[in-house]
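Student: The structure file model.txt (compact mmCIF, C-alpha atoms and all ligand atoms) is provided below.
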```txt
# COMPACT_ATOMS: atom_id res chain seq x y z
CA MET A 1 -49.64 -33.48 30.69
CA PHE A 2 -53.28 -32.42 30.68
CA LEU A 3 -52.20 -28.80 30.82
CA ARG A 4 -49.96 -29.26 27.82
CA PHE A 5 -52.74 -31.07 25.93
CA GLY A 6 -55.13 -28.27 26.87
CA ILE A 7 -52.78 -25.58 25.57
CA CYS A 8 -52.29 -27.54 22.34
CA LEU A 9 -56.06 -27.90 21.94
CA ILE A 10 -56.65 -24.18 22.48
CA LEU A 11 -53.85 -23.33 20.05
CA PHE A 12 -55.30 -25.75 17.48
CA ILE A 13 -58.78 -24.26 17.80
CA PHE A 14 -57.37 -20.74 17.58
CA LEU A 15 -55.34 -21.50 14.44
CA ASN A 16 -58.29 -23.26 12.86
CA GLN A 17 -60.59 -20.35 13.58
CA HIS A 18 -57.98 -17.98 12.26
CA VAL A 19 -57.92 -19.82 8.92
CA THR A 20 -61.72 -19.91 8.68
CA ALA A 21 -62.22 -16.36 9.92
CA SER A 22 -59.84 -14.89 7.36
CA TYR A 23 -61.74 -16.47 4.49
CA LYS A 24 -64.67 -14.49 3.16
CA SER A 25 -68.06 -16.01 3.90
CA TYR A 26 -70.60 -16.11 1.11
CA ASP A 27 -73.51 -16.95 3.40
CA GLY A 28 -76.72 -15.56 1.96
CA TYR A 29 -75.31 -15.02 -1.51
CA LYS A 30 -77.36 -16.47 -4.38
CA ILE A 31 -76.74 -17.55 -7.92
CA LEU A 32 -79.22 -15.94 -10.23
CA GLU A 33 -80.17 -18.02 -13.27
CA VAL A 34 -82.08 -16.29 -16.05
CA PRO A 35 -83.14 -18.26 -19.15
CA PHE A 36 -82.86 -16.04 -22.23
CA LYS A 37 -84.30 -18.17 -25.03
CA HIS A 38 -87.02 -15.60 -25.59
CA LYS A 39 -86.09 -12.29 -27.15
CA ILE A 40 -87.61 -10.20 -24.35
CA ALA A 41 -85.65 -12.07 -21.69
CA LYS A 42 -82.45 -11.77 -23.72
CA ARG A 43 -82.89 -8.03 -24.12
CA TYR A 44 -83.55 -7.79 -20.39
CA VAL A 45 -80.39 -9.73 -19.56
CA GLN A 46 -78.33 -7.58 -21.90
CA ASN A 47 -79.56 -4.46 -20.11
CA ILE A 48 -79.61 -5.99 -16.67
CA ASP A 49 -77.53 -3.18 -15.15
CA LYS A 50 -80.19 -0.64 -16.12
CA HIS A 51 -82.97 -2.76 -14.59
CA PHE A 52 -81.08 -3.45 -11.37
CA GLY A 53 -79.37 -0.09 -11.03
CA PHE A 54 -75.98 -1.86 -10.83
CA MET A 55 -74.11 -4.51 -12.81
CA PRO A 56 -74.22 -7.84 -11.02
CA ASP A 57 -71.20 -10.16 -11.12
CA PHE A 58 -71.71 -12.05 -14.39
CA LEU A 59 -70.43 -15.58 -13.97
CA GLY A 60 -71.12 -16.97 -17.41
CA GLU A 61 -73.76 -18.39 -19.66
CA ASN A 62 -74.82 -21.94 -20.29
CA TRP A 63 -74.98 -22.08 -24.08
CA LYS A 64 -76.85 -25.39 -24.09
CA LYS A 65 -79.66 -24.14 -21.87
CA GLU A 66 -79.39 -20.50 -23.01
CA GLU A 67 -79.22 -19.33 -19.45
CA ALA A 68 -77.22 -16.50 -17.88
CA HIS A 69 -75.64 -16.83 -14.42
CA PHE A 70 -74.93 -14.03 -11.97
CA PHE A 71 -73.53 -13.99 -8.44
CA ILE A 72 -75.76 -11.87 -6.22
CA GLU A 73 -74.58 -10.39 -2.94
CA LYS A 74 -76.72 -11.04 0.12
CA ASP A 75 -77.85 -7.40 0.40
CA GLN A 76 -78.96 -7.26 -3.22
CA VAL A 77 -81.02 -10.49 -3.31
CA ALA A 78 -84.38 -8.93 -2.43
CA LYS A 79 -83.91 -5.97 -4.79
CA VAL A 80 -82.94 -8.27 -7.68
CA GLY A 81 -85.93 -10.59 -7.12
CA ASP A 82 -88.32 -7.63 -7.05
CA ALA A 83 -86.90 -6.14 -10.26
CA LEU A 84 -87.24 -9.43 -12.14
CA LYS A 85 -90.79 -10.05 -10.89
CA PHE A 86 -91.78 -6.50 -11.80
CA SER A 87 -90.64 -7.10 -15.40
CA ASN A 88 -92.22 -10.58 -15.59
CA ILE A 89 -88.90 -12.28 -16.32
CA SER A 90 -88.67 -15.88 -15.21
CA PHE A 91 -85.66 -16.61 -13.04
CA ASN A 92 -84.27 -18.79 -10.31
CA LEU A 93 -82.37 -17.53 -7.29
CA ARG A 94 -80.42 -20.52 -6.14
CA ASP A 95 -78.81 -20.94 -2.74
CA VAL A 96 -75.09 -21.49 -2.81
CA ASP A 97 -73.41 -24.10 -0.72
CA SER A 98 -71.17 -21.81 1.30
CA LYS A 99 -68.92 -24.75 2.19
CA MET A 100 -67.84 -24.78 -1.46
CA PHE A 101 -66.21 -21.40 -0.98
CA THR A 102 -63.95 -22.47 1.82
CA PHE A 103 -60.70 -24.16 1.09
CA SER A 104 -58.77 -26.44 3.37
CA ARG A 105 -55.15 -25.42 3.17
CA LYS A 106 -53.86 -27.26 6.22
CA ARG A 107 -53.11 -30.57 4.56
CA ARG A 108 -51.48 -28.87 1.58
CA ASP A 109 -49.34 -26.48 3.55
CA LEU A 110 -47.88 -29.32 5.56
CA ALA A 111 -46.88 -31.35 2.52
CA ASN A 112 -43.22 -30.78 1.67
CA SER A 113 -42.46 -33.44 -0.92
CA PRO A 114 -41.70 -32.19 -4.47
CA ILE A 115 -44.76 -31.33 -6.53
CA SER A 116 -45.60 -34.16 -8.92
CA ILE A 117 -47.97 -34.56 -11.86
CA THR A 118 -50.35 -36.32 -9.44
CA ASP A 119 -50.62 -33.02 -7.55
CA ILE A 120 -51.38 -31.18 -10.80
CA ASN A 121 -54.17 -33.67 -11.53
CA THR A 122 -55.72 -33.85 -8.08
CA ARG A 123 -55.45 -30.52 -6.30
CA TYR A 124 -55.04 -26.78 -6.71
CA LEU A 125 -51.52 -25.57 -5.98
CA SER A 126 -50.25 -22.41 -4.37
CA TYR A 127 -48.25 -20.00 -6.55
CA ASP A 128 -45.03 -21.07 -4.80
CA GLU A 129 -45.82 -24.71 -5.52
CA GLN A 130 -46.45 -23.89 -9.18
CA ILE A 131 -43.03 -22.20 -9.40
CA GLN A 132 -41.38 -25.12 -7.62
CA PHE A 133 -42.95 -27.49 -10.16
CA LEU A 134 -41.62 -25.39 -13.06
CA ASN A 135 -38.12 -25.16 -11.56
CA ASN A 136 -38.03 -28.94 -11.21
CA LEU A 137 -39.05 -29.40 -14.84
CA ALA A 138 -36.42 -26.89 -15.97
CA SER A 139 -33.68 -28.84 -14.24
CA GLN A 140 -35.06 -32.16 -15.50
CA PHE A 141 -35.28 -31.02 -19.14
CA PRO A 142 -32.51 -28.41 -19.54
CA ASN A 143 -32.52 -28.72 -23.34
CA LEU A 144 -36.25 -28.32 -23.76
CA VAL A 145 -37.23 -25.83 -21.05
CA LYS A 146 -36.18 -22.24 -20.53
CA LEU A 147 -37.78 -20.18 -17.80
CA GLN A 148 -38.13 -16.48 -18.46
CA ASN A 149 -39.22 -13.78 -16.04
CA LEU A 150 -41.54 -11.44 -17.94
CA GLY A 151 -41.82 -8.93 -15.11
CA ASN A 152 -43.36 -8.70 -11.67
CA SER A 153 -46.96 -8.49 -10.54
CA TYR A 154 -48.24 -5.50 -8.55
CA GLU A 155 -47.24 -7.22 -5.31
CA GLY A 156 -43.88 -8.25 -6.72
CA ARG A 157 -44.40 -11.88 -7.72
CA PRO A 158 -42.48 -12.90 -10.86
CA ILE A 159 -44.60 -13.76 -13.91
CA THR A 160 -42.86 -16.73 -15.43
CA ALA A 161 -42.98 -17.86 -19.04
CA VAL A 162 -41.99 -21.44 -19.83
CA ARG A 163 -40.33 -21.61 -23.23
CA LEU A 164 -40.68 -25.13 -24.56
CA GLY A 165 -38.47 -26.14 -27.47
CA ASP A 166 -36.70 -22.78 -27.64
CA ASP A 167 -33.52 -23.70 -29.55
CA GLY A 168 -32.56 -20.22 -30.67
CA THR A 169 -34.06 -20.63 -34.14
CA ASN A 170 -36.88 -18.59 -35.60
CA LYS A 171 -39.47 -21.33 -35.68
CA PRO A 172 -43.12 -20.41 -35.14
CA ILE A 173 -44.41 -19.92 -31.61
CA VAL A 174 -47.70 -20.90 -29.96
CA TRP A 175 -48.45 -18.71 -26.95
CA ILE A 176 -50.61 -20.07 -24.12
CA ASP A 177 -51.45 -18.19 -20.96
CA ALA A 178 -53.71 -18.91 -18.00
CA GLY A 179 -55.41 -17.42 -15.02
CA ILE A 180 -55.69 -13.69 -15.71
CA HIS A 181 -58.97 -14.17 -13.80
CA ALA A 182 -57.96 -15.34 -10.35
CA ARG A 183 -60.99 -17.46 -9.42
CA GLU A 184 -60.70 -19.61 -12.55
CA TRP A 185 -58.42 -22.08 -10.79
CA ILE A 186 -58.66 -24.95 -13.27
CA SER A 187 -56.87 -22.86 -15.90
CA TYR A 188 -53.61 -22.94 -13.91
CA ASN A 189 -53.66 -26.72 -13.58
CA ALA A 190 -54.53 -27.19 -17.25
CA ALA A 191 -51.51 -25.08 -18.28
CA LEU A 192 -49.16 -26.96 -15.93
CA TYR A 193 -50.46 -30.33 -17.15
CA PHE A 194 -49.84 -29.25 -20.74
CA ILE A 195 -46.22 -28.34 -19.93
CA TRP A 196 -45.54 -31.60 -18.08
CA THR A 197 -47.15 -33.86 -20.66
CA ILE A 198 -45.60 -32.35 -23.77
CA LEU A 199 -42.19 -32.74 -22.10
CA ASN A 200 -42.68 -36.25 -20.75
CA ASP A 201 -44.40 -37.90 -23.69
CA PRO A 202 -41.74 -38.62 -26.36
CA ASN A 203 -44.44 -38.53 -29.06
CA TYR A 204 -44.32 -34.73 -28.88
CA ARG A 205 -40.54 -34.33 -29.37
CA GLN A 206 -40.89 -33.85 -33.13
CA LEU A 207 -43.62 -31.28 -32.61
CA LEU A 208 -41.35 -29.29 -30.28
CA GLN A 209 -38.65 -29.41 -32.93
CA ASN A 210 -41.00 -27.71 -35.38
CA VAL A 211 -42.80 -25.33 -33.06
CA GLN A 212 -41.84 -23.46 -29.89
CA VAL A 213 -44.53 -23.15 -27.23
CA ASN A 214 -44.44 -20.34 -24.67
CA VAL A 215 -46.67 -21.03 -21.69
CA VAL A 216 -47.39 -18.54 -18.92
CA PRO A 217 -49.23 -20.72 -16.40
CA ASN A 218 -50.01 -17.93 -13.95
CA THR A 219 -50.59 -14.44 -15.33
CA ASN A 220 -52.22 -13.10 -12.15
CA PRO A 221 -50.37 -14.53 -9.15
CA ASP A 222 -51.51 -11.80 -6.72
CA GLY A 223 -55.18 -12.36 -7.54
CA TYR A 224 -54.79 -16.12 -7.34
CA GLU A 225 -53.15 -16.04 -3.91
CA TYR A 226 -55.86 -13.66 -2.73
CA SER A 227 -58.51 -16.04 -4.05
CA ARG A 228 -56.81 -18.93 -2.24
CA THR A 229 -56.38 -17.18 1.08
CA THR A 230 -59.07 -14.52 1.42
CA GLU A 231 -61.90 -14.38 -1.13
CA ARG A 232 -62.56 -17.47 -3.22
CA MET A 233 -64.50 -15.49 -5.84
CA TRP A 234 -61.80 -12.85 -6.41
CA ARG A 235 -61.39 -12.19 -10.15
CA LYS A 236 -59.18 -9.15 -10.67
CA THR A 237 -55.56 -8.16 -10.11
CA ARG A 238 -54.65 -6.70 -6.69
CA SER A 239 -53.67 -3.13 -7.65
CA ARG A 240 -54.52 -0.57 -4.96
CA PHE A 241 -55.83 2.91 -5.58
CA THR A 242 -55.39 5.82 -3.21
CA SER A 243 -58.80 7.21 -4.11
CA SER A 244 -60.82 4.01 -3.60
CA LYS A 245 -61.52 1.40 -0.95
CA CYS A 246 -61.79 -1.20 -3.74
CA ALA A 247 -58.79 -2.95 -5.24
CA GLY A 248 -57.97 -4.64 -8.49
CA THR A 249 -58.47 -4.31 -12.23
CA ASP A 250 -59.99 -6.84 -14.59
CA GLY A 251 -56.86 -7.86 -16.48
CA ASN A 252 -58.96 -9.07 -19.38
CA ARG A 253 -60.41 -5.59 -19.90
CA ASN A 254 -57.02 -3.92 -19.63
CA TYR A 255 -55.40 -4.84 -22.97
CA PRO A 256 -54.63 -1.96 -25.33
CA PHE A 257 -57.18 -2.57 -28.10
CA PHE A 258 -60.43 -0.60 -28.05
CA TRP A 259 -59.62 -0.18 -24.36
CA GLY A 260 -62.48 1.10 -22.22
CA ASN A 261 -64.97 1.10 -25.09
CA GLU A 262 -67.73 -1.38 -24.40
CA GLY A 263 -68.60 -4.03 -21.81
CA VAL A 264 -66.34 -2.53 -19.16
CA SER A 265 -66.73 -0.39 -16.08
CA HIS A 266 -64.73 2.66 -15.08
CA SER A 267 -65.61 2.15 -11.42
CA THR A 268 -62.84 0.61 -9.31
CA CYS A 269 -65.31 -1.50 -7.33
CA SER A 270 -66.67 -3.27 -10.42
CA GLU A 271 -65.64 -6.82 -11.33
CA ILE A 272 -65.05 -5.55 -14.88
CA TYR A 273 -63.10 -2.41 -13.97
CA CYS A 274 -60.85 -1.75 -16.97
CA GLY A 275 -58.09 0.11 -15.09
CA THR A 276 -56.84 3.68 -15.11
CA ARG A 277 -55.50 3.33 -18.68
CA ALA A 278 -54.69 0.63 -21.24
CA ALA A 279 -52.07 -1.79 -19.85
CA SER A 280 -52.09 -0.01 -16.49
CA GLU A 281 -51.63 -3.39 -14.82
CA PRO A 282 -47.99 -4.50 -14.50
CA GLU A 283 -49.15 -8.05 -15.34
CA VAL A 284 -50.75 -6.95 -18.62
CA LEU A 285 -47.80 -4.72 -19.46
CA ALA A 286 -45.37 -7.61 -18.91
CA LEU A 287 -47.43 -9.91 -21.13
CA THR A 288 -47.99 -7.43 -23.96
CA ASN A 289 -44.31 -6.44 -24.00
CA ALA A 290 -43.22 -10.08 -24.10
CA ILE A 291 -45.63 -10.91 -26.91
CA MET A 292 -44.66 -7.85 -28.95
CA ARG A 293 -40.98 -8.78 -28.74
CA GLU A 294 -41.74 -11.99 -30.68
CA GLU A 295 -45.03 -11.22 -32.35
CA ARG A 296 -43.90 -11.94 -35.89
CA ARG A 297 -43.14 -15.51 -34.84
CA ILE A 298 -46.28 -16.07 -32.77
CA LYS A 299 -48.88 -17.80 -34.93
CA ALA A 300 -51.38 -18.82 -32.27
CA TYR A 301 -52.50 -17.37 -28.96
CA VAL A 302 -54.75 -19.06 -26.40
CA SER A 303 -55.87 -17.62 -23.10
CA LEU A 304 -57.24 -20.21 -20.67
CA HIS A 305 -60.26 -19.24 -18.59
CA SER A 306 -63.27 -20.95 -17.02
CA TYR A 307 -66.16 -21.72 -17.06
CA GLY A 308 -68.54 -22.41 -19.94
CA GLN A 309 -66.99 -25.00 -22.31
CA GLU A 310 -66.46 -22.52 -25.10
CA ILE A 311 -63.78 -21.77 -27.64
CA LEU A 312 -64.14 -18.07 -28.40
CA TYR A 313 -62.65 -16.22 -31.35
CA PRO A 314 -62.37 -12.45 -32.06
CA TRP A 315 -63.64 -9.85 -32.30
CA GLY A 316 -65.09 -9.52 -28.84
CA HIS A 317 -64.95 -5.78 -28.35
CA THR A 318 -68.21 -5.25 -30.19
CA LYS A 319 -71.07 -7.23 -31.73
CA ASN A 320 -71.27 -8.59 -35.30
CA SER A 321 -67.66 -7.92 -36.18
CA HIS A 322 -65.23 -10.53 -37.44
CA PRO A 323 -61.68 -10.52 -38.78
CA SER A 324 -61.34 -11.17 -42.52
CA ASP A 325 -59.94 -14.70 -41.94
CA VAL A 326 -62.73 -15.68 -39.56
CA GLN A 327 -63.39 -18.92 -41.48
CA ASP A 328 -59.87 -20.11 -40.59
CA LEU A 329 -60.50 -19.36 -36.92
CA ILE A 330 -63.78 -21.27 -36.99
CA ARG A 331 -62.19 -24.23 -38.79
CA VAL A 332 -59.34 -24.55 -36.29
CA GLY A 333 -61.61 -23.82 -33.31
CA LYS A 334 -63.82 -26.70 -34.41
CA MET A 335 -60.82 -29.00 -34.76
CA MET A 336 -59.93 -28.17 -31.15
CA ALA A 337 -63.51 -28.83 -30.01
CA THR A 338 -63.57 -32.17 -31.85
CA ALA A 339 -60.32 -33.20 -30.19
CA ILE A 340 -61.93 -32.57 -26.80
CA GLN A 341 -65.13 -34.38 -27.71
CA ASN A 342 -63.20 -37.43 -28.94
CA LEU A 343 -61.81 -37.99 -25.45
CA HIS A 344 -64.94 -38.29 -23.28
CA GLY A 345 -67.72 -36.70 -25.33
CA THR A 346 -67.50 -33.29 -23.65
CA GLN A 347 -68.94 -30.65 -25.94
CA TYR A 348 -67.36 -27.24 -26.46
CA ASN A 349 -69.12 -24.52 -28.40
CA VAL A 350 -67.05 -22.58 -30.94
CA MET A 351 -68.34 -19.04 -31.08
CA ASN A 352 -67.49 -15.41 -31.59
CA SER A 353 -66.60 -13.54 -28.38
CA GLY A 354 -68.82 -10.60 -29.26
CA ASP A 355 -71.87 -12.74 -30.03
CA GLY A 356 -72.34 -13.76 -26.42
CA LEU A 357 -74.47 -11.69 -24.08
CA TYR A 358 -71.91 -8.97 -23.51
CA PRO A 359 -69.20 -7.70 -25.82
CA ALA A 360 -66.06 -6.85 -23.84
CA ALA A 361 -63.34 -4.49 -25.01
CA GLY A 362 -59.73 -4.78 -23.88
CA ALA A 363 -59.59 -8.60 -23.85
CA SER A 364 -56.34 -10.38 -24.59
CA ASP A 365 -57.54 -12.48 -27.55
CA ASP A 366 -58.72 -9.38 -29.43
CA TRP A 367 -55.46 -7.61 -28.73
CA ALA A 368 -53.40 -10.65 -29.85
CA LYS A 369 -55.39 -10.82 -33.09
CA SER A 370 -54.88 -7.09 -33.63
CA ARG A 371 -51.12 -7.67 -33.43
CA GLY A 372 -51.36 -10.05 -36.40
CA ILE A 373 -51.41 -13.35 -34.49
CA LYS A 374 -53.47 -15.55 -36.77
CA TYR A 375 -55.13 -18.10 -34.49
CA SER A 376 -56.26 -16.25 -31.41
CA PHE A 377 -58.68 -17.84 -28.95
CA THR A 378 -60.05 -17.69 -25.45
CA MET A 379 -60.97 -21.06 -23.99
CA GLU A 380 -63.61 -21.24 -21.26
CA LEU A 381 -62.87 -24.61 -19.67
CA SER A 382 -65.32 -26.90 -17.84
CA PRO A 383 -67.85 -26.99 -16.37
CA SER A 384 -70.74 -25.57 -18.39
CA ASP A 385 -73.13 -25.31 -15.47
CA ASP A 386 -73.19 -22.94 -12.54
CA TYR A 387 -73.54 -25.66 -9.89
CA THR A 388 -69.81 -25.97 -9.58
CA GLY A 389 -68.83 -23.01 -11.78
CA PHE A 390 -65.36 -21.80 -10.88
CA ILE A 391 -65.25 -24.24 -7.96
CA LEU A 392 -64.49 -27.27 -10.10
CA PRO A 393 -64.12 -30.18 -7.65
CA GLU A 394 -60.62 -31.56 -7.41
CA ASP A 395 -61.69 -35.01 -8.61
CA ARG A 396 -62.59 -33.46 -11.97
CA ILE A 397 -59.27 -31.69 -12.55
CA PHE A 398 -57.64 -34.63 -14.34
CA GLN A 399 -60.29 -34.94 -17.03
CA VAL A 400 -60.28 -31.21 -17.79
CA ASN A 401 -56.46 -31.24 -17.92
CA ARG A 402 -56.54 -34.05 -20.48
CA GLU A 403 -59.25 -32.43 -22.57
CA THR A 404 -57.44 -29.09 -22.64
CA PHE A 405 -54.25 -30.86 -23.65
CA GLN A 406 -56.00 -32.39 -26.66
CA ALA A 407 -57.28 -29.01 -27.83
CA LEU A 408 -53.94 -27.26 -27.35
CA THR A 409 -51.85 -29.93 -29.08
CA THR A 410 -54.30 -29.83 -31.99
CA LEU A 411 -53.56 -26.13 -32.32
CA VAL A 412 -49.80 -26.68 -32.05
CA ARG A 413 -50.06 -29.26 -34.86
CA VAL A 414 -51.97 -26.82 -37.05
CA VAL A 415 -49.23 -24.22 -36.53
CA SER A 416 -46.60 -26.85 -37.29
CA GLN A 417 -48.32 -27.82 -40.54
CA GLU A 418 -49.04 -24.29 -41.68
CA PHE A 419 -45.97 -22.40 -40.53
CA ALA A 420 -43.03 -24.66 -39.63
CA ASN A 421 -40.08 -24.46 -42.02
CA ARG A 422 -41.62 -21.42 -43.66
CA THR A 423 -39.90 -18.10 -43.83
CA THR A 424 -41.15 -16.08 -40.89
CA THR A 425 -38.40 -13.51 -40.60
CA SER A 426 -35.49 -12.38 -42.68
CA THR A 427 -33.14 -14.26 -40.34
CA THR A 428 -35.00 -17.49 -41.09
CA ARG A 429 -34.80 -16.80 -44.79
CA ILE A 430 -31.06 -16.39 -44.65
CA SER A 431 -30.58 -19.42 -42.47
CA ALA A 432 -32.88 -21.61 -44.61
CA LYS A 433 -31.06 -20.54 -47.77
CA PHE A 434 -27.75 -21.18 -46.06
CA GLN A 435 -28.87 -24.65 -45.11
CA ARG A 436 -30.12 -25.44 -48.59
CA THR A 437 -26.87 -24.41 -50.24
CA ARG A 438 -24.94 -26.55 -47.78
CA GLY A 439 -27.28 -29.46 -48.39
CA PHE A 440 -28.50 -29.59 -44.79
CA GLY A 441 -32.02 -30.72 -43.98
CA SER A 442 -34.59 -28.22 -42.87
CA GLY A 443 -36.27 -27.93 -39.47
CA LYS A 444 -33.16 -27.13 -37.48
ZN ZN B 1 -62.14 -15.47 -17.23
```
For the structure just supplied, provide its representation as structure tokens.
Ligand SMILES: [Zn+2]
Tutor:
Amino acid sequence: MFLRFGICLILFIFLNQHVTASYKSYDGYKILEVPFKHKIAKRYVQNIDKHFGFMPDFLGENWKKEEAHFFIEKDQVAKVGDALKFSNISFNLRDVDSKMFTFSRKRRDLANSPISITDINTRYLSYDEQIQFLNNLASQFPNLVKLQNLGNSYEGRPITAVRLGDDGTNKPIVWIDAGIHAREWISYNAALYFIWTILNDPNYRQLLQNVQVNVVPNTNPDGYEYSRTTERMWRKTRSRFTSSKCAGTDGNRNYPFFWGNEGVSHSTCSEIYCGTRAASEPEVLALTNAIMREERRIKAYVSLHSYGQEILYPWGHTKNSHPSDVQDLIRVGKMMATAIQNLHGTQYNVMNSGDGLYPAAGASDDWAKSRGIKYSFTMELSPSDDYTGFILPEDRIFQVNRETFQALTTLVRVVSQEFANRTTTSTTRISAKFQRTRGFGSGK
């Protein structure tokens, strides 16, 4: 009896250690906060790679405090502090709570009941659980949901699009995707919550009759699983290169529009490595091909990211450059921000992607806009501060899900008002004319 208990105890300790040991430790890492209100500090931050001799991992900026956040590796902390002191730049190197970067998977892995909306609102799911959730919805709502495999990730995981309200007509489409950056976990939940709610709340039936919504809730499944199991702060895809010890490409620098131009790195070890060529990543290729197949019908594109509480509009590949209809983008972006604020007062900043600290070429929102998709945005979801950053606590998931839903349905409504029942393709024109002559109503 005691022997058996002893063996069990040893096994338990071993398994536990195995889980902890396989997860990357961020002991000694620091978060660097640099206020950039003053011009000199801002210029310094914008050229930080030249001052440091390397580009640190840029986490985001707090637009309220005008403060930039970077994640500094243990071995670089002293060097970074010296460089900042030497240039008289005020800064704060903050300790990170390394416990935040571990993730208890035991409880979750043991659970085998079907994934419910409570799960989506209270915890981060594995990729397999996300797919299970989508399959359940597809069988529950066969007339409203079609699942489409857009292609496979580098490691062979299917990238699934959820086509909501696809009735075979040529009605306008809103495209929403999430999680091209693996560590931005909240984006996956926000996309899944959107899918569940728009299906389960009958108030949105009419909207889905006017507009089709294609949601890709996990555009980087390899990176996400790696972030869940090995390195919490993993951002990129998981492509491997024979010539490098480093893996992965920044999917949001890999889109084929001004690819490789500005705000990217050509070094495989960088967090903003743009890949060997435009759309080199199978994930990005699958997404761009899928969008191009229907691009004349797609009237809005939103890519969900975190963190920062920002609604960003193109162009982002360079500074001080806007599309000719920028006022429309600002107007609709502000409507989305107001919808969020009306819920709990959370403030989102509507701004141009290129006007932040770093322009970035090869991002998906720029590419979507270049393909003629009118309302193209990137949303940086909550929080705005670097204390929780990408590690949004699970008890805050529900609120962010609800806020994101408000913004996204606002956009779907705009598309419905501006584009539904309009002639988008020649097929629609013929069918609308056909309906009119037969005396049928519109909005089939
Ligand atoms: Zn991101």
Student: Please identify the residues whose atoms come within 7 Å of ligand ZN 1 (chain B), using only C-alpha atoms and all ligand atoms, and report them as a PyMOL selection string.
Tutor: chain A and resi 180-181+184+305-306
Student: If you measure from CA of Met233 in chain A to CA of Gly345 in chain A, what distance in Å do you get, rounded to one decimal?
Tutor: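 Interatomic distance, CA of Met233 in chain A to CA of Gly345 in chain A: 29.0 Å.
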Student: Hey, what's within 8 Å of Gly251 in chain A if we count all atoms listed in the file and toss same-chain stuff fewer than 5 positions away? As JSON, numbers by chain, please?
Tutor: {"A": [180, 181, 236, 237, 274, 281, 283, 284, 363]}
Student: Can I get the selection written as a compact mmCIF listing (two decimals), in the frame of the given file, with C-alpha atoms?
Tutor:
```txt
# COMPACT_ATOMS: atom_id res chain seq x y z
CA ILE A 180 -55.69 -13.69 -15.71
CA HIS A 181 -58.97 -14.17 -13.80
CA LYS A 236 -59.18 -9.15 -10.67
CA THR A 237 -55.56 -8.16 -10.11
CA CYS A 274 -60.85 -1.75 -16.97
CA GLU A 281 -51.63 -3.39 -14.82
CA GLU A 283 -49.15 -8.05 -15.34
CA VAL A 284 -50.75 -6.95 -18.62
CA ALA A 363 -59.59 -8.60 -23.85
```
Student: Which is closest to Ile298 in chain A among A:Leu392, A:Leu144, A:Ile373, A:Ala161, if we use only C-alpha atoms?
Tutor: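 Of the candidates, the smallest distance to Ile298 in chain A is held by A:Ile373.
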Student: Dump as a PyMOL selection string all residues having an atom at most 9 Å from (-70.1, -8.9, -18.4), computed in the file's coordinates with all atoms listed in the file.
Tutor: chain A and resi 55-60+263-264+271-272+357-360
Student: The residues within 12 Å of (-50.9, -21.0, -10.3), using only C-alpha atoms and the coordinates of the file, should be reported as an mmCIF file with C-alpha atoms, in the frame of the given file; which are they?
Tutor:
```cif
data_model
loop_
_atom_site.group_PDB
_atom_site.id
_atom_site.type_symbol
_atom_site.label_atom_id
_atom_site.label_comp_id
_atom_site.auth_asym_id
_atom_site.auth_seq_id
_atom_site.Cartn_x
_atom_site.Cartn_y
_atom_site.Cartn_z
ATOM 1 C CA ILE A 120 -51.380 -31.180 -10.800
ATOM 2 C CA ARG A 123 -55.450 -30.520 -6.300
ATOM 3 C CA TYR A 124 -55.040 -26.780 -6.710
ATOM 4 C CA LEU A 125 -51.520 -25.570 -5.980
ATOM 5 C CA SER A 126 -50.250 -22.410 -4.370
ATOM 6 C CA TYR A 127 -48.250 -20.000 -6.550
ATOM 7 C CA ASP A 128 -45.030 -21.070 -4.800
ATOM 8 C CA GLU A 129 -45.820 -24.710 -5.520
ATOM 9 C CA GLN A 130 -46.450 -23.890 -9.180
ATOM 10 C CA ILE A 131 -43.030 -22.200 -9.400
ATOM 11 C CA GLN A 132 -41.380 -25.120 -7.620
ATOM 12 C CA PHE A 133 -42.950 -27.490 -10.160
ATOM 13 C CA LEU A 134 -41.620 -25.390 -13.060
ATOM 14 C CA ARG A 157 -44.400 -11.880 -7.720
ATOM 15 C CA PRO A 158 -42.480 -12.900 -10.860
ATOM 16 C CA ILE A 159 -44.600 -13.760 -13.910
ATOM 17 C CA THR A 160 -42.860 -16.730 -15.430
ATOM 18 C CA ASP A 177 -51.450 -18.190 -20.960
ATOM 19 C CA ALA A 178 -53.710 -18.910 -18.000
ATOM 20 C CA GLY A 179 -55.410 -17.420 -15.020
ATOM 21 C CA ILE A 180 -55.690 -13.690 -15.710
ATOM 22 C CA HIS A 181 -58.970 -14.170 -13.800
ATOM 23 C CA ALA A 182 -57.960 -15.340 -10.350
ATOM 24 C CA ARG A 183 -60.990 -17.460 -9.420
ATOM 25 C CA GLU A 184 -60.700 -19.610 -12.550
ATOM 26 C CA TRP A 185 -58.420 -22.080 -10.790
ATOM 27 C CA ILE A 186 -58.660 -24.950 -13.270
ATOM 28 C CA SER A 187 -56.870 -22.860 -15.900
ATOM 29 C CA TYR A 188 -53.610 -22.940 -13.910
ATOM 30 C CA ASN A 189 -53.660 -26.720 -13.580
ATOM 31 C CA ALA A 190 -54.530 -27.190 -17.250
ATOM 32 C CA ALA A 191 -51.510 -25.080 -18.280
ATOM 33 C CA LEU A 192 -49.160 -26.960 -15.930
ATOM 34 C CA TYR A 193 -50.460 -30.330 -17.150
ATOM 35 C CA VAL A 216 -47.390 -18.540 -18.920
ATOM 36 C CA PRO A 217 -49.230 -20.720 -16.400
ATOM 37 C CA ASN A 218 -50.010 -17.930 -13.950
ATOM 38 C CA THR A 219 -50.590 -14.440 -15.330
ATOM 39 C CA ASN A 220 -52.220 -13.100 -12.150
ATOM 40 C CA PRO A 221 -50.370 -14.530 -9.150
ATOM 41 C CA ASP A 222 -51.510 -11.800 -6.720
ATOM 42 C CA GLY A 223 -55.180 -12.360 -7.540
ATOM 43 C CA TYR A 224 -54.790 -16.120 -7.340
ATOM 44 C CA GLU A 225 -53.150 -16.040 -3.910
ATOM 45 C CA TYR A 226 -55.860 -13.660 -2.730
ATOM 46 C CA SER A 227 -58.510 -16.040 -4.050
ATOM 47 C CA ARG A 228 -56.810 -18.930 -2.240
#
```
